Amino acid sequence: MKKRKAFRWILFALLFLLMPHSAFSMAISIDLNDFYADGFTYVNSTGNMALMVNDGFLSNDPLFGDPGIAVSDNVQALSFDYLLLDYGRGKGELYAWLFDEGGDTLGEFLVDSTGYGSVHFDLSGLDLTGTLLGLEFSLVQYGMGPGLSLAMIGNPRLETGETAPVPEPATLLLLGSGLLGLAGLGRRRRLR
């Protein structure tokens, strides 16, 4: 019975590998170390995640001398992931604003309850070539009595209209035959 299940999983993996896959859009990471951090805001060394506690603030505003986010002609969206947690009687609100170098708002986001998700600011149809975008995050903590609000911002990225390279069929065939070889080696060891 176990052999049949293992064989089914291997067959399923091979069929999945050999199926034609659609191409995914490529993403350009945004480094949060380029942002101005105020209050209780901590950015990790790689710049792909930030933690804000209570009244934290994180901004990359070209109007105030920050470097801004450079945009190429094929950018379709700006996205990031978030997590908001409230402890005790604290209540937090996480805000995010996206604006162009002239200060015009291109997108707004607000979450006011514990949760997580992804935010996607659609930039398709806008001519932003050569523009510096500003992005700002703010965690505002309010409520009656002692409490704590935490917000995490992760994986901020510009999504382009370009597609990621899709492996050619010969590469997938080579990978599939390698998986079959590993399965055969495991079976051979069990039979000894």
# chains A, B, ... in the order shown; residues from 1 in each chain; ligands from 1
call {"tool": "residues_around", "arguments": {"residues": "Ala77 in chain A", "least_positions_apart": "4", "cutoff": "9 Å", "atoms": "only C-alpha atoms", "output": "count of residues only"}}
result
10
call {"tool": "select_by_dssp", "arguments": {"residues": "range 43-176 of chain A", "states": "helix (DSSP H, G or I)", "output": "PyMOL selection string"}}
result
chain A and resi 62-64+169-176
call {"tool": "residues_around", "arguments": {"residues": "range 94-102 of chain A", "least_positions_apart": "2", "cutoff": "8 Å", "atoms": "only C-alpha atoms", "output": "PyMOL selection string"}}
result
chain A and resi 61-63+84+92+104-112+121+131-140+151
call {"tool": "write_last_selection", "arguments": {"atoms": "N, CA, C and O atoms", "output": "short mmCIF file (atom, residue, chain, number, x, y, z; two decimals), in the first residue's frame"}}
result
data_model
loop_
_atom_site.label_atom_id
_atom_site.label_comp_id
_atom_site.auth_asym_id
_atom_site.auth_seq_id
_atom_site.Cartn_x
_atom_site.Cartn_y
_atom_site.Cartn_z
N ASP A 61 10.21 59.30 1.36
CA ASP A 61 9.54 60.40 0.69
C ASP A 61 10.56 61.28 -0.03
O ASP A 61 11.35 61.97 0.61
N PRO A 62 10.55 61.27 -1.37
CA PRO A 62 11.52 62.10 -2.09
C PRO A 62 11.33 63.61 -1.84
O PRO A 62 12.27 64.38 -2.01
N LEU A 63 10.16 64.05 -1.40
CA LEU A 63 9.94 65.47 -1.10
C LEU A 63 10.76 65.92 0.11
O LEU A 63 11.07 67.10 0.25
N LEU A 84 -0.63 42.62 11.45
CA LEU A 84 -0.97 43.55 12.53
C LEU A 84 -1.48 42.75 13.71
O LEU A 84 -2.38 41.93 13.56
N GLY A 92 -4.45 49.09 17.41
CA GLY A 92 -3.58 49.73 16.44
C GLY A 92 -4.22 49.86 15.08
O GLY A 92 -5.10 49.08 14.70
N ASP A 104 1.20 63.63 -5.11
CA ASP A 104 -0.15 63.12 -5.42
C ASP A 104 -0.28 61.67 -4.98
O ASP A 104 0.58 60.84 -5.27
N THR A 105 -1.35 61.35 -4.29
CA THR A 105 -1.58 60.01 -3.76
C THR A 105 -1.95 59.05 -4.88
O THR A 105 -2.87 59.31 -5.65
N LEU A 106 -1.22 57.93 -4.96
CA LEU A 106 -1.50 56.88 -5.95
C LEU A 106 -2.23 55.70 -5.32
O LEU A 106 -2.80 54.88 -6.03
N GLY A 107 -2.16 55.58 -4.01
CA GLY A 107 -2.83 54.47 -3.32
C GLY A 107 -2.80 54.66 -1.82
O GLY A 107 -1.86 55.24 -1.28
N GLU A 108 -3.84 54.19 -1.15
CA GLU A 108 -3.94 54.24 0.31
C GLU A 108 -4.38 52.89 0.82
O GLU A 108 -5.10 52.16 0.15
N PHE A 109 -3.94 52.58 2.05
CA PHE A 109 -4.32 51.33 2.68
C PHE A 109 -4.47 51.57 4.17
O PHE A 109 -3.68 52.28 4.77
N LEU A 110 -5.49 50.98 4.78
CA LEU A 110 -5.71 51.08 6.22
C LEU A 110 -6.24 49.74 6.71
O LEU A 110 -7.15 49.16 6.11
N VAL A 111 -5.64 49.25 7.79
CA VAL A 111 -6.19 48.07 8.47
C VAL A 111 -6.23 48.42 9.96
O VAL A 111 -5.29 48.98 10.50
N ASP A 112 -7.37 48.12 10.60
CA ASP A 112 -7.53 48.52 12.00
C ASP A 112 -7.90 47.36 12.91
O ASP A 112 -8.44 47.56 13.99
N PHE A 121 -0.90 47.77 -4.86
CA PHE A 121 -1.25 49.04 -5.47
C PHE A 121 -1.06 48.90 -6.98
O PHE A 121 0.06 48.72 -7.45
N THR A 131 10.03 58.26 -12.68
CA THR A 131 9.45 58.85 -11.48
C THR A 131 10.05 58.21 -10.23
O THR A 131 10.37 57.04 -10.21
N LEU A 132 10.16 59.01 -9.18
CA LEU A 132 10.52 58.49 -7.87
C LEU A 132 9.24 58.41 -7.05
O LEU A 132 8.57 59.42 -6.83
N LEU A 133 8.88 57.21 -6.62
CA LEU A 133 7.69 57.03 -5.80
C LEU A 133 8.04 57.18 -4.33
O LEU A 133 9.14 56.86 -3.90
N GLY A 134 7.09 57.66 -3.56
CA GLY A 134 7.22 57.72 -2.12
C GLY A 134 6.30 56.67 -1.51
O GLY A 134 5.19 56.46 -1.98
N LEU A 135 6.78 56.01 -0.47
CA LEU A 135 5.99 55.00 0.22
C LEU A 135 6.13 55.25 1.71
O LEU A 135 7.24 55.45 2.21
N GLU A 136 5.02 55.24 2.41
CA GLU A 136 5.04 55.58 3.83
C GLU A 136 4.16 54.60 4.60
O GLU A 136 3.06 54.27 4.15
N PHE A 137 4.67 54.12 5.73
CA PHE A 137 3.92 53.25 6.62
C PHE A 137 3.83 53.93 7.98
O PHE A 137 4.80 54.54 8.44
N SER A 138 2.70 53.80 8.63
CA SER A 138 2.52 54.38 9.95
C SER A 138 1.65 53.45 10.80
O SER A 138 0.61 53.00 10.35
N LEU A 139 2.12 53.17 12.00
CA LEU A 139 1.33 52.40 12.96
C LEU A 139 0.93 53.35 14.08
O LEU A 139 1.78 53.94 14.73
N VAL A 140 -0.36 53.54 14.25
CA VAL A 140 -0.88 54.42 15.28
C VAL A 140 -1.56 53.55 16.32
O VAL A 140 -2.47 52.78 16.00
N ALA A 151 3.23 45.79 14.17
CA ALA A 151 2.97 45.65 12.74
C ALA A 151 4.26 45.21 12.07
O ALA A 151 5.33 45.70 12.39
#
call {"tool": "atom_distance", "arguments": {"atom1": "CA of Thr46 in chain A", "atom2": "CA of Pro156 in chain A"}}
result
11.9 Å
call {"tool": "residues_around", "arguments": {"residues": "Met49 in chain A", "least_positions_apart": "6", "cutoff": "9 Å", "atoms": "only C-alpha atoms", "output": "PyMOL selection string"}}
result
chain A and resi 31-32+42-43+152-156
